[in-house]
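Here the structure comes first, spelled out in structure tokens, and everything after it is commentary.
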Amino acid sequence: MNPRIISIKNIHDEAEGDLSIFEGSGHDLPFAIKRIYYIHHVPVGTVRGGHAHKQLTQLLWCPYGSITILLDDGTDKAEVKLDTPTKGLIVEHAMWREMRWEQEGSVLCVAASEFYDESDYIRDYDAFQAYVKQQAKLP
Ligand code: TYD
């Protein structure tokens with residue numbers, strides 16, 4: 001599996017610091033952004049996630065700290081460490097993900113292609129495996 005990592009545009013100023021930016025709708029992301037959320041105040045060592053989505057595509061980035069994203073497409077697995085504010089990871093639908101907090105104060109930001117919809121989640125790993133197999137059989 002080749003995780004889809006993007007380099008977020010960055011404007012650096014020696015005296016004033018950095019400004020990072022991305023735009024949706026085909027500019028920097030392959031989708032329009034309908035929702036943004038962020039996860040913070042997570043104790044180091046915590047593993048969150050443990051689910052996949054049927055339709056949702058997301059960009060994950062970590063503006064502060066270090067968080068490892070574990071990806072599993074039902075066949076292959078990959079790990080991506082988000083430890084710099086300009087590194088983004090696009091996570092497609094039908095991808096099992098877990099997120100491991102590795103540094104105190106780390107913040108995980110997510111830009112999502114859809115509004116929140118609990119029925120889009122697959123929260124059971126066996127159900128995820130069955131879903132991927134079923135999708136592969138579709139014409
Ligand atoms: P969840 O996506 O399961 O978080 P994680 O994968 O990081 O453990 O969401 C945690 C809870 O928050 C769950 O009850 C659903 C709720 N939630 C919303 O209400 N709206 C949202 O946009 C998101 C992402 C989660």
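Labels used: A, B, ... for chains in the order of the structure tokens, numbers from 1 for residues in each chain, and numbers from 1 for ligands as shown.
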
- Please identify all polymer residues within 10 Å of Glu23 in chain A, counting only C-alpha atoms, omitting same-chain residues fewer than 6 positions from it, and present them as number ranges by chain. A: 8-9, 29-33

- Might you pull out every residue within 8 Å of range 114-130 of chain A, with only C-alpha atoms counted and same-chain residues fewer than 3 positions away left off, and present them as a PyMOL selection string? chain A and resi 33-35+50-57+74+94+96+133-134

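Excluding His40 in chain A itself and any same-chain residue fewer than 5 positions from it, the protein and nucleic acid residues within 9 Å of it, counting only C-alpha atoms, are Gly105, Ser106, Val107, Leu108 and Cys109 of chain A.
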
Write the residues you've just listed into a file as a PDB file, in the first residue's frame, and include all heavy atoms for each of them.
```pdb
ATOM      1  N   GLY A 105       0.296  16.683  24.247  1.00  0.00           N
ATOM      2  CA  GLY A 105      -0.279  17.880  23.620  1.00  0.00           C
ATOM      3  C   GLY A 105      -0.525  17.762  22.131  1.00  0.00           C
ATOM      4  O   GLY A 105      -0.971  18.735  21.501  1.00  0.00           O
ATOM      5  N   SER A 106      -0.282  16.585  21.542  1.00  0.00           N
ATOM      6  CA  SER A 106      -0.467  16.429  20.090  1.00  0.00           C
ATOM      7  C   SER A 106      -1.920  16.675  19.699  1.00  0.00           C
ATOM      8  O   SER A 106      -2.850  16.260  20.407  1.00  0.00           O
ATOM      9  CB  SER A 106      -0.076  15.012  19.645  1.00  0.00           C
ATOM     10  OG  SER A 106       1.272  14.748  19.937  1.00  0.00           O
ATOM     11  N   VAL A 107      -2.088  17.318  18.552  1.00  0.00           N
ATOM     12  CA  VAL A 107      -3.432  17.636  18.048  1.00  0.00           C
ATOM     13  C   VAL A 107      -3.588  16.991  16.670  1.00  0.00           C
ATOM     14  O   VAL A 107      -2.732  17.176  15.797  1.00  0.00           O
ATOM     15  CB  VAL A 107      -3.627  19.166  17.924  1.00  0.00           C
ATOM     16  CG1 VAL A 107      -5.020  19.477  17.365  1.00  0.00           C
ATOM     17  CG2 VAL A 107      -3.430  19.842  19.278  1.00  0.00           C
ATOM     18  N   LEU A 108      -4.667  16.242  16.491  1.00  0.00           N
ATOM     19  CA  LEU A 108      -4.955  15.663  15.168  1.00  0.00           C
ATOM     20  C   LEU A 108      -6.122  16.431  14.551  1.00  0.00           C
ATOM     21  O   LEU A 108      -7.202  16.512  15.142  1.00  0.00           O
ATOM     22  CB  LEU A 108      -5.325  14.183  15.287  1.00  0.00           C
ATOM     23  CG  LEU A 108      -5.596  13.502  13.935  1.00  0.00           C
ATOM     24  CD1 LEU A 108      -4.319  13.434  13.089  1.00  0.00           C
ATOM     25  CD2 LEU A 108      -6.170  12.101  14.125  1.00  0.00           C
ATOM     26  N   CYS A 109      -5.885  17.005  13.377  1.00  0.00           N
ATOM     27  CA  CYS A 109      -6.926  17.734  12.651  1.00  0.00           C
ATOM     28  C   CYS A 109      -7.384  16.886  11.471  1.00  0.00           C
ATOM     29  O   CYS A 109      -6.589  16.185  10.850  1.00  0.00           O
ATOM     30  CB  CYS A 109      -6.383  19.058  12.126  1.00  0.00           C
ATOM     31  SG  CYS A 109      -5.998  20.230  13.418  1.00  0.00           S
TER      32      CYS A 109
END
```

- Item | Spatial neighbours of Gly88 in chain A, max dist 10 Å, only C-alpha atoms, sep filter under 2 positions, as number ranges by chain | A: 4-8, 22, 58-63, 80-86, 90-91, 109-110

- Task: Please provide the set of residues having any atom within 10 Å of Ala78 in chain A, restricted to only C-alpha atoms, with same-chain residues fewer than 5 positions apart removed, written as a list of chain:residue names.
- Result: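 That gives A:Met1, A:Asn2, A:Pro3, A:Ile69, A:Leu70, A:Leu71, A:Asp72, A:Asp73, A:Arg97.
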
Serialized selection, N, CA, C and O atoms, as an mmCIF file, in the first residue's frame:
```cif
data_model
loop_
_atom_site.group_PDB
_atom_site.id
_atom_site.type_symbol
_atom_site.label_atom_id
_atom_site.label_comp_id
_atom_site.auth_asym_id
_atom_site.auth_seq_id
_atom_site.Cartn_x
_atom_site.Cartn_y
_atom_site.Cartn_z
ATOM 1 N N MET A 1 0.841 -1.196 0.000
ATOM 2 C CA MET A 1 0.000 0.000 0.000
ATOM 3 C C MET A 1 0.885 1.259 0.000
ATOM 4 O O MET A 1 1.868 1.314 0.728
ATOM 5 N N ASN A 2 0.525 2.224 -0.824
ATOM 6 C CA ASN A 2 1.241 3.504 -0.816
ATOM 7 C C ASN A 2 0.351 4.564 -0.183
ATOM 8 O O ASN A 2 -0.558 5.068 -0.843
ATOM 9 N N PRO A 3 0.578 4.926 1.071
ATOM 10 C CA PRO A 3 -0.246 5.970 1.694
ATOM 11 C C PRO A 3 -0.139 7.276 0.921
ATOM 12 O O PRO A 3 0.935 7.606 0.398
ATOM 13 N N ILE A 69 -0.375 7.140 12.369
ATOM 14 C CA ILE A 69 -1.623 6.642 11.795
ATOM 15 C C ILE A 69 -1.347 5.238 11.254
ATOM 16 O O ILE A 69 -0.417 5.049 10.453
ATOM 17 N N LEU A 70 -2.124 4.276 11.693
ATOM 18 C CA LEU A 70 -1.993 2.903 11.213
ATOM 19 C C LEU A 70 -3.133 2.648 10.237
ATOM 20 O O LEU A 70 -4.307 2.837 10.577
ATOM 21 N N LEU A 71 -2.758 2.272 9.013
ATOM 22 C CA LEU A 71 -3.740 2.055 7.947
ATOM 23 C C LEU A 71 -3.792 0.573 7.584
ATOM 24 O O LEU A 71 -2.768 -0.112 7.587
ATOM 25 N N ASP A 72 -4.977 0.119 7.199
ATOM 26 C CA ASP A 72 -5.167 -1.282 6.815
ATOM 27 C C ASP A 72 -6.290 -1.299 5.778
ATOM 28 O O ASP A 72 -7.426 -0.903 6.076
ATOM 29 N N ASP A 73 -5.955 -1.710 4.540
ATOM 30 C CA ASP A 73 -6.977 -1.718 3.487
ATOM 31 C C ASP A 73 -7.664 -3.083 3.365
ATOM 32 O O ASP A 73 -8.366 -3.352 2.398
ATOM 33 N N ARG A 97 -8.475 2.464 10.110
ATOM 34 C CA ARG A 97 -7.427 3.329 10.648
ATOM 35 C C ARG A 97 -7.432 3.344 12.169
ATOM 36 O O ARG A 97 -8.489 3.245 12.804
#
```

- Message: Please report the interatomic distance between CA of Ile36 in chain A and CA of Lys77 in chain A in Å with one decimal.
- Response: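 Going from CA of Ile36 in chain A over to CA of Lys77 in chain A, I get 25.8 Å.
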